[in-house]
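Asks: This is the structure, below, for whatever I ask next.
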Amino acid sequence: MESTLRAILPDAALLKMYEQMVLSREFEEACAEQYTKGHITGFLHLYSGQEAVAVGATTALHRDDYILSAYREHAQAIIRGAEPRRVMAELFGKATGICKGKGGSMHLFDPALSFMGGYAIVGGQLPIAAGVAFAAKFRREERIAACFFGDGAVNQGTFHEALNWARLWELPVLYVCENNFYGIGTEVHRASALADIHKRTCGYDIPSARVDGMDVLAVFEQVKWAAEWVREQSRPYLVEAMTYRFRGHSMADPGKYRSAAEVELWKARDPIPNFARRLLAEGIASEAELAAILEKARATVAEAVKYAEESPWPEDDEVWKDIYV
Amino acid sequence: MPEMTYRDALNLALKEEMRRDPSVVTWGEDVALYEGSFKVTRGLLAEFGEERVKDTPISENTIVGVAIGAAMGGLRPVAELMTVNFALLAMDQLVNHMAKISSMFGGQVHLPMVVRTPGGGGSQLAAQHSQSLETYFMHCPGIRVAVPATPADAKGLLKSAIRDNNPVVFLEHELLYNSKGEVPEDPEFLVPLGRAEVKRPGSDVTIVAYSRMTVLALQAAAELEKEQISCEVVDLRTLSPLDDATFIASVQKTGRAVVVEECWRTAGLGAEIAFRIHAGCFDTLRAPVQRVSGLDVPMPYSRKLERLCIPQVETIAAAVRELLSKKY
Ligand SMILES: Cc1ncc(C[n+]2csc(CCOP(=O)(O)OP(=O)(O)O)c2C)c(N)n1
């Protein structure tokens, strides 16, 4: 059989994508457990189910392209290269966390990775992404800004204002809408007059595309194409990835507004086992290799939890630090 | 009187007012089908239907703007902003429009509307989700500001706010929703806007507080009683209009005052109240007014740090002890 996967990426890259999806899932499920134990508090929004979007998109970007996201961003940070143990320490509120325990789940940041933050105000990151893209263009850098946000954010004024600016100032920003069909408990059709979010860019003369967000390679190919277009044209583009979160909005949400049948239907489209089946069918990996990837992810996550547990709390006088330089 | 939670008291107030007056409508993010992210609007959609109880897109400025228009058009909207942090996205409609319309148009129109929104810190939600912005609204003329501390006040104040012909920003505290207290069943039970209450009588010092800080002040007062320190606790209940008479009378009696505010200290509401106490009680004050405030920092996530940033029972008690120990 002719390999369709190998036509897209070499084996090592395909396996890396699989590894990243598995690591994200394991990390998130461990977070759920730590939340139940009371080690993680506050709002905890998990990414389980949406892994194909972040992995596909991040793989398609250059290393120094900026990434900005919302509050469901652990996976985005880790896939970009943030150390799982420092992310976990952040969620525990420990001094060794990626933001010294001050940001928590919703506010991860690592400039060394060009990961320009998780933001908890819906829509807040959209103009900031345009600004980061402006700086890159101004400084004649090759990099673009990729901005992740949810279907709920498109009804915020910032979406409209930022898209208009991005087109007007010809900014190299790639907007990636993760349409998981819900903003907390409100289904997309009940919040958006035009629920086909990719079509909403018409008003700003911005091209867009919709992609299957449960298929990591489809996301990769679409974002790859779009990112290069953004880079060459220095103009914004929007990708709408159709995806699903397997859990409630946050750990506080039992998710009763979705029928069990609906959730099951999407779980059957789980991007991880589906990708595994393709890797196996095309002989890119064996069962044993995939099992080893899972084992390794579990070990990484277990080590991250242990690190977070054993890490020190911040010193009291930290509250006064980092506010001004 | 039945016991109920602050959450249920608010819910009851909404239901009673919606039953009483068909022009009362409510909307906000996730208030209808999901019954509110803090469940304050539980059962409203079922009882009043989709025309009166509406889910909105995540568009805070427009949630308020549409409420303003609806109020101009003859309704009595109660808009919910999911938390006060997101009220900042609606500041234009709140401050430039809602607060101004009555006076700017020469009193030809009034806005009988309420913007309900929970706020405060203490749940490890970090800098963007833990703000105490009461001073922002209190600072702005044209807005009434309610800050209930108990379930009974929550019910009575919300009912008054809905019946009031002025725009009211109604600030609920996220950590009070599960608190319990006795609540009058009478559907005509109202707590007037602009009336503070002495929640605990005392003779040595007055603690002036509001919202969750009142609850902590009462706990501090109970602690201090064991040390023979008698605290009078004044709960402001509304910040605008501010009931000077009640706290000034109290401080004239006790001669000492500690103002407790959850908001940031610099230019916080405690400064305003302390000034009014100094102006109103200069002759009877036995010590300068003290303040216990939230720290002037963006709220850190880490539970250890967060605790330092919000006034606690022991910080209030310590301030009272210090005030009483000093010879002036
Ligand atoms: C400005 C603002 N309004 C409301 C909220 C509360 N809130 C948090 S998440 C959310 C839903 C957002 O849904 P969506 O953008 O689709 O992202 P998803 O959670 O599905 O990833 C809401 C309303 C907020 N954080 N910020």
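Here, A, B, ... name the chains of the structure tokens in the order displayed, residue numbers run from 1 inside each chain, and ligands are numbered from 1 in the same displayed order.
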Skipping near chain neighbours, those fewer than 2 positions away, what residues fall within 9 Å of segment 306-308 of chain B using only C-alpha atoms, listed as a list in words?
Replies: Lys102, Asp316 and Val319 of chain A; Gly121, Gly122, Ser123, Gln124, Ala126, Gly294, Leu295, Met299, Pro300, Tyr301, Ser302, Arg303, Lys304, Ile310, Pro311 and Gln312 of chain B
Asks: Once you have the residues from the selection above, write them out as a PDB file, in the first residue's frame, restricted to N, CA, C and O atoms.
Replies:
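The new file result27.pdb reads:
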ATOM      1  N   LYS A 102       2.659  32.474  39.872  1.00  0.00           N
ATOM      2  CA  LYS A 102       1.780  33.648  39.923  1.00  0.00           C
ATOM      3  C   LYS A 102       0.680  33.612  38.871  1.00  0.00           C
ATOM      4  O   LYS A 102      -0.341  34.276  39.003  1.00  0.00           O
ATOM      5  N   ASP A 316       7.080  34.749  50.708  1.00  0.00           N
ATOM      6  CA  ASP A 316       6.021  35.754  50.876  1.00  0.00           C
ATOM      7  C   ASP A 316       6.303  37.063  50.128  1.00  0.00           C
ATOM      8  O   ASP A 316       5.396  37.658  49.552  1.00  0.00           O
ATOM      9  N   VAL A 319       5.073  38.527  46.486  1.00  0.00           N
ATOM     10  CA  VAL A 319       3.875  39.277  46.061  1.00  0.00           C
ATOM     11  C   VAL A 319       4.220  40.681  45.579  1.00  0.00           C
ATOM     12  O   VAL A 319       3.508  41.238  44.764  1.00  0.00           O
TER      13      VAL A 319
ATOM     14  N   GLY B 121     -11.876  38.172  45.394  1.00  0.00           N
ATOM     15  CA  GLY B 121     -10.793  37.194  45.249  1.00  0.00           C
ATOM     16  C   GLY B 121     -10.915  36.091  46.281  1.00  0.00           C
ATOM     17  O   GLY B 121     -11.832  36.082  47.087  1.00  0.00           O
ATOM     18  N   GLY B 122      -9.956  35.170  46.201  1.00  0.00           N
ATOM     19  CA  GLY B 122      -9.897  34.125  47.212  1.00  0.00           C
ATOM     20  C   GLY B 122     -10.128  32.728  46.703  1.00  0.00           C
ATOM     21  O   GLY B 122     -10.214  31.778  47.474  1.00  0.00           O
ATOM     22  N   SER B 123     -10.247  32.569  45.384  1.00  0.00           N
ATOM     23  CA  SER B 123     -10.462  31.232  44.831  1.00  0.00           C
ATOM     24  C   SER B 123      -9.315  30.798  43.937  1.00  0.00           C
ATOM     25  O   SER B 123      -9.485  29.937  43.080  1.00  0.00           O
ATOM     26  N   GLN B 124      -8.169  31.447  44.073  1.00  0.00           N
ATOM     27  CA  GLN B 124      -7.004  31.108  43.248  1.00  0.00           C
ATOM     28  C   GLN B 124      -7.295  31.203  41.769  1.00  0.00           C
ATOM     29  O   GLN B 124      -7.031  30.283  40.992  1.00  0.00           O
ATOM     30  N   ALA B 126      -6.255  33.905  40.000  1.00  0.00           N
ATOM     31  CA  ALA B 126      -5.173  34.707  39.430  1.00  0.00           C
ATOM     32  C   ALA B 126      -5.603  36.106  39.018  1.00  0.00           C
ATOM     33  O   ALA B 126      -6.746  36.517  39.206  1.00  0.00           O
ATOM     34  N   GLY B 294      -6.833  45.359  50.515  1.00  0.00           N
ATOM     35  CA  GLY B 294      -6.160  44.428  49.624  1.00  0.00           C
ATOM     36  C   GLY B 294      -4.809  45.026  49.269  1.00  0.00           C
ATOM     37  O   GLY B 294      -4.665  46.245  49.225  1.00  0.00           O
ATOM     38  N   LEU B 295      -3.813  44.163  49.046  1.00  0.00           N
ATOM     39  CA  LEU B 295      -2.499  44.701  48.686  1.00  0.00           C
ATOM     40  C   LEU B 295      -2.538  45.286  47.275  1.00  0.00           C
ATOM     41  O   LEU B 295      -3.269  44.805  46.409  1.00  0.00           O
ATOM     42  N   MET B 299      -3.373  40.094  41.577  1.00  0.00           N
ATOM     43  CA  MET B 299      -3.517  38.915  42.436  1.00  0.00           C
ATOM     44  C   MET B 299      -2.698  37.734  41.916  1.00  0.00           C
ATOM     45  O   MET B 299      -2.885  37.298  40.788  1.00  0.00           O
ATOM     46  N   PRO B 300      -1.789  37.214  42.756  1.00  0.00           N
ATOM     47  CA  PRO B 300      -1.057  36.018  42.321  1.00  0.00           C
ATOM     48  C   PRO B 300      -1.931  34.768  42.428  1.00  0.00           C
ATOM     49  O   PRO B 300      -2.855  34.720  43.236  1.00  0.00           O
ATOM     50  N   TYR B 301      -1.600  33.765  41.644  1.00  0.00           N
ATOM     51  CA  TYR B 301      -2.371  32.514  41.649  1.00  0.00           C
ATOM     52  C   TYR B 301      -2.101  31.673  42.888  1.00  0.00           C
ATOM     53  O   TYR B 301      -3.011  31.175  43.541  1.00  0.00           O
ATOM     54  N   SER B 302      -0.838  31.517  43.200  1.00  0.00           N
ATOM     55  CA  SER B 302      -0.424  30.598  44.259  1.00  0.00           C
ATOM     56  C   SER B 302      -1.193  30.852  45.560  1.00  0.00           C
ATOM     57  O   SER B 302      -1.281  31.977  46.031  1.00  0.00           O
ATOM     58  N   ARG B 303      -1.737  29.785  46.130  1.00  0.00           N
ATOM     59  CA  ARG B 303      -2.615  29.987  47.287  1.00  0.00           C
ATOM     60  C   ARG B 303      -1.897  30.664  48.439  1.00  0.00           C
ATOM     61  O   ARG B 303      -2.477  31.439  49.182  1.00  0.00           O
ATOM     62  N   LYS B 304      -0.622  30.358  48.549  1.00  0.00           N
ATOM     63  CA  LYS B 304       0.151  30.956  49.654  1.00  0.00           C
ATOM     64  C   LYS B 304       0.241  32.475  49.482  1.00  0.00           C
ATOM     65  O   LYS B 304       0.071  33.219  50.439  1.00  0.00           O
ATOM     66  N   ILE B 310      -5.270  39.491  50.380  1.00  0.00           N
ATOM     67  CA  ILE B 310      -6.661  39.804  50.706  1.00  0.00           C
ATOM     68  C   ILE B 310      -6.763  39.940  52.231  1.00  0.00           C
ATOM     69  O   ILE B 310      -6.175  39.132  52.947  1.00  0.00           O
ATOM     70  N   PRO B 311      -7.494  40.942  52.729  1.00  0.00           N
ATOM     71  CA  PRO B 311      -7.647  41.043  54.183  1.00  0.00           C
ATOM     72  C   PRO B 311      -8.220  39.743  54.762  1.00  0.00           C
ATOM     73  O   PRO B 311      -9.110  39.130  54.168  1.00  0.00           O
ATOM     74  N   GLN B 312      -7.662  39.336  55.903  1.00  0.00           N
ATOM     75  CA  GLN B 312      -8.116  38.122  56.576  1.00  0.00           C
ATOM     76  C   GLN B 312      -8.634  38.505  57.963  1.00  0.00           C
ATOM     77  O   GLN B 312      -8.365  39.612  58.434  1.00  0.00           O
TER      78      GLN B 312
END
Asks: Give me, as a PDB file with N, CA, C and O atoms, in the first residue's frame, the contact residues of chain A against chain B at a cut-off of 6 Å, counting only C-alpha atoms.
Replies:
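Once written, out-v4.pdb looks like this:
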ATOM      1  N   GLY A  42      -8.498  26.646  41.732  1.00  0.00           N
ATOM      2  CA  GLY A  42      -8.865  27.671  40.763  1.00  0.00           C
ATOM      3  C   GLY A  42      -9.600  27.043  39.581  1.00  0.00           C
ATOM      4  O   GLY A  42     -10.133  25.942  39.684  1.00  0.00           O
ATOM      5  N   GLY A  93       1.021  26.089  41.923  1.00  0.00           N
ATOM      6  CA  GLY A  93       1.306  27.375  42.572  1.00  0.00           C
ATOM      7  C   GLY A  93       2.677  27.430  43.227  1.00  0.00           C
ATOM      8  O   GLY A  93       2.888  28.191  44.171  1.00  0.00           O
ATOM      9  N   GLY A 101       4.538  30.528  39.816  1.00  0.00           N
ATOM     10  CA  GLY A 101       3.325  30.268  40.594  1.00  0.00           C
ATOM     11  C   GLY A 101       2.353  31.433  40.620  1.00  0.00           C
ATOM     12  O   GLY A 101       1.325  31.373  41.271  1.00  0.00           O
ATOM     13  N   LYS A 102       2.659  32.474  39.872  1.00  0.00           N
ATOM     14  CA  LYS A 102       1.780  33.648  39.923  1.00  0.00           C
ATOM     15  C   LYS A 102       0.680  33.612  38.871  1.00  0.00           C
ATOM     16  O   LYS A 102      -0.341  34.276  39.003  1.00  0.00           O
ATOM     17  N   GLY A 103       0.929  32.853  37.801  1.00  0.00           N
ATOM     18  CA  GLY A 103      -0.042  32.852  36.702  1.00  0.00           C
ATOM     19  C   GLY A 103      -1.094  31.766  36.823  1.00  0.00           C
ATOM     20  O   GLY A 103      -2.260  31.983  36.540  1.00  0.00           O
ATOM     21  N   GLY A 104      -0.657  30.580  37.217  1.00  0.00           N
ATOM     22  CA  GLY A 104      -1.594  29.461  37.314  1.00  0.00           C
ATOM     23  C   GLY A 104      -2.006  28.929  35.956  1.00  0.00           C
ATOM     24  O   GLY A 104      -1.455  29.300  34.915  1.00  0.00           O
ATOM     25  N   ASN A 155     -17.530  36.536  19.318  1.00  0.00           N
ATOM     26  CA  ASN A 155     -18.606  37.506  19.538  1.00  0.00           C
ATOM     27  C   ASN A 155     -18.162  38.682  20.391  1.00  0.00           C
ATOM     28  O   ASN A 155     -18.955  39.564  20.709  1.00  0.00           O
ATOM     29  N   GLN A 156     -16.901  38.653  20.743  1.00  0.00           N
ATOM     30  CA  GLN A 156     -16.328  39.738  21.513  1.00  0.00           C
ATOM     31  C   GLN A 156     -15.890  40.825  20.529  1.00  0.00           C
ATOM     32  O   GLN A 156     -15.434  40.500  19.421  1.00  0.00           O
ATOM     33  N   GLY A 185     -21.640  26.662  28.558  1.00  0.00           N
ATOM     34  CA  GLY A 185     -22.786  25.802  28.246  1.00  0.00           C
ATOM     35  C   GLY A 185     -23.586  26.260  27.040  1.00  0.00           C
ATOM     36  O   GLY A 185     -24.645  25.704  26.742  1.00  0.00           O
ATOM     37  N   ALA A 191     -25.206  31.358  20.012  1.00  0.00           N
ATOM     38  CA  ALA A 191     -24.439  32.566  20.349  1.00  0.00           C
ATOM     39  C   ALA A 191     -23.985  33.336  19.114  1.00  0.00           C
ATOM     40  O   ALA A 191     -23.665  34.516  19.209  1.00  0.00           O
TER      41      ALA A 191
END
Asks: Kindly compile the residues surrounding ligand 1 within 9 Å, counting only C-alpha atoms and all ligand atoms, and format them as an MDAnalysis selection string.
Replies: (chainID A and resid 45:47 70:72 119:124 149:156 177:188 244:245 249:250) or (chainID B and resid 29:30 37 57:60 81:83 85:89 128:129)
Asks: Can you tell me, as an MDAnalysis selection string, which residues in segment 66-307 of chain B count as helix (DSSP H, G or I) by DSSP?
Replies: chainID B and resid 66:72 84:98 101:104 134:138 151:163 211:225 244:254 269:281 303:307
Asks: With a distance cut-off of 7 Å and only C-alpha atoms, select the neighbouring residues of Ala152 of chain B, excluding the residue or stretch itself and same-chain residues fewer than 6 positions from it, and output the selection as JSON, numbers by chain.
Replies: {"B": [9, 181, 182, 183, 184]}
Asks: May I have the selected residues written with all heavy atoms, as a PDB file, in the first residue's frame?
Replies:
ATOM      1  N   ALA B   9     -31.072  33.386  47.977  1.00  0.00           N
ATOM      2  CA  ALA B   9     -31.756  34.638  48.307  1.00  0.00           C
ATOM      3  C   ALA B   9     -31.804  35.556  47.078  1.00  0.00           C
ATOM      4  O   ALA B   9     -32.828  36.188  46.798  1.00  0.00           O
ATOM      5  CB  ALA B   9     -31.037  35.330  49.462  1.00  0.00           C
ATOM      6  N   GLY B 181     -28.037  32.270  55.856  1.00  0.00           N
ATOM      7  CA  GLY B 181     -28.589  33.174  56.858  1.00  0.00           C
ATOM      8  C   GLY B 181     -30.105  33.185  56.752  1.00  0.00           C
ATOM      9  O   GLY B 181     -30.686  32.625  55.809  1.00  0.00           O
ATOM     10  N   GLU B 182     -30.743  33.813  57.734  1.00  0.00           N
ATOM     11  CA  GLU B 182     -32.210  33.896  57.722  1.00  0.00           C
ATOM     12  C   GLU B 182     -32.640  34.967  56.739  1.00  0.00           C
ATOM     13  O   GLU B 182     -32.040  36.041  56.672  1.00  0.00           O
ATOM     14  CB  GLU B 182     -32.712  34.235  59.118  1.00  0.00           C
ATOM     15  CG  GLU B 182     -32.520  33.073  60.078  1.00  0.00           C
ATOM     16  CD  GLU B 182     -33.287  33.269  61.376  1.00  0.00           C
ATOM     17  OE1 GLU B 182     -33.585  34.434  61.706  1.00  0.00           O
ATOM     18  OE2 GLU B 182     -33.578  32.249  62.022  1.00  0.00           O
ATOM     19  N   VAL B 183     -33.675  34.644  55.984  1.00  0.00           N
ATOM     20  CA  VAL B 183     -34.150  35.570  54.955  1.00  0.00           C
ATOM     21  C   VAL B 183     -35.668  35.706  55.078  1.00  0.00           C
ATOM     22  O   VAL B 183     -36.379  34.703  55.052  1.00  0.00           O
ATOM     23  CB  VAL B 183     -33.774  35.045  53.544  1.00  0.00           C
ATOM     24  CG1 VAL B 183     -34.346  35.957  52.470  1.00  0.00           C
ATOM     25  CG2 VAL B 183     -32.262  34.943  53.394  1.00  0.00           C
ATOM     26  N   PRO B 184     -36.161  36.934  55.234  1.00  0.00           N
ATOM     27  CA  PRO B 184     -37.615  37.122  55.327  1.00  0.00           C
ATOM     28  C   PRO B 184     -38.346  36.600  54.089  1.00  0.00           C
ATOM     29  O   PRO B 184     -37.885  36.805  52.965  1.00  0.00           O
ATOM     30  CB  PRO B 184     -37.778  38.637  55.448  1.00  0.00           C
ATOM     31  CG  PRO B 184     -36.464  39.139  55.947  1.00  0.00           C
ATOM     32  CD  PRO B 184     -35.436  38.196  55.365  1.00  0.00           C
TER      33      PRO B 184
END
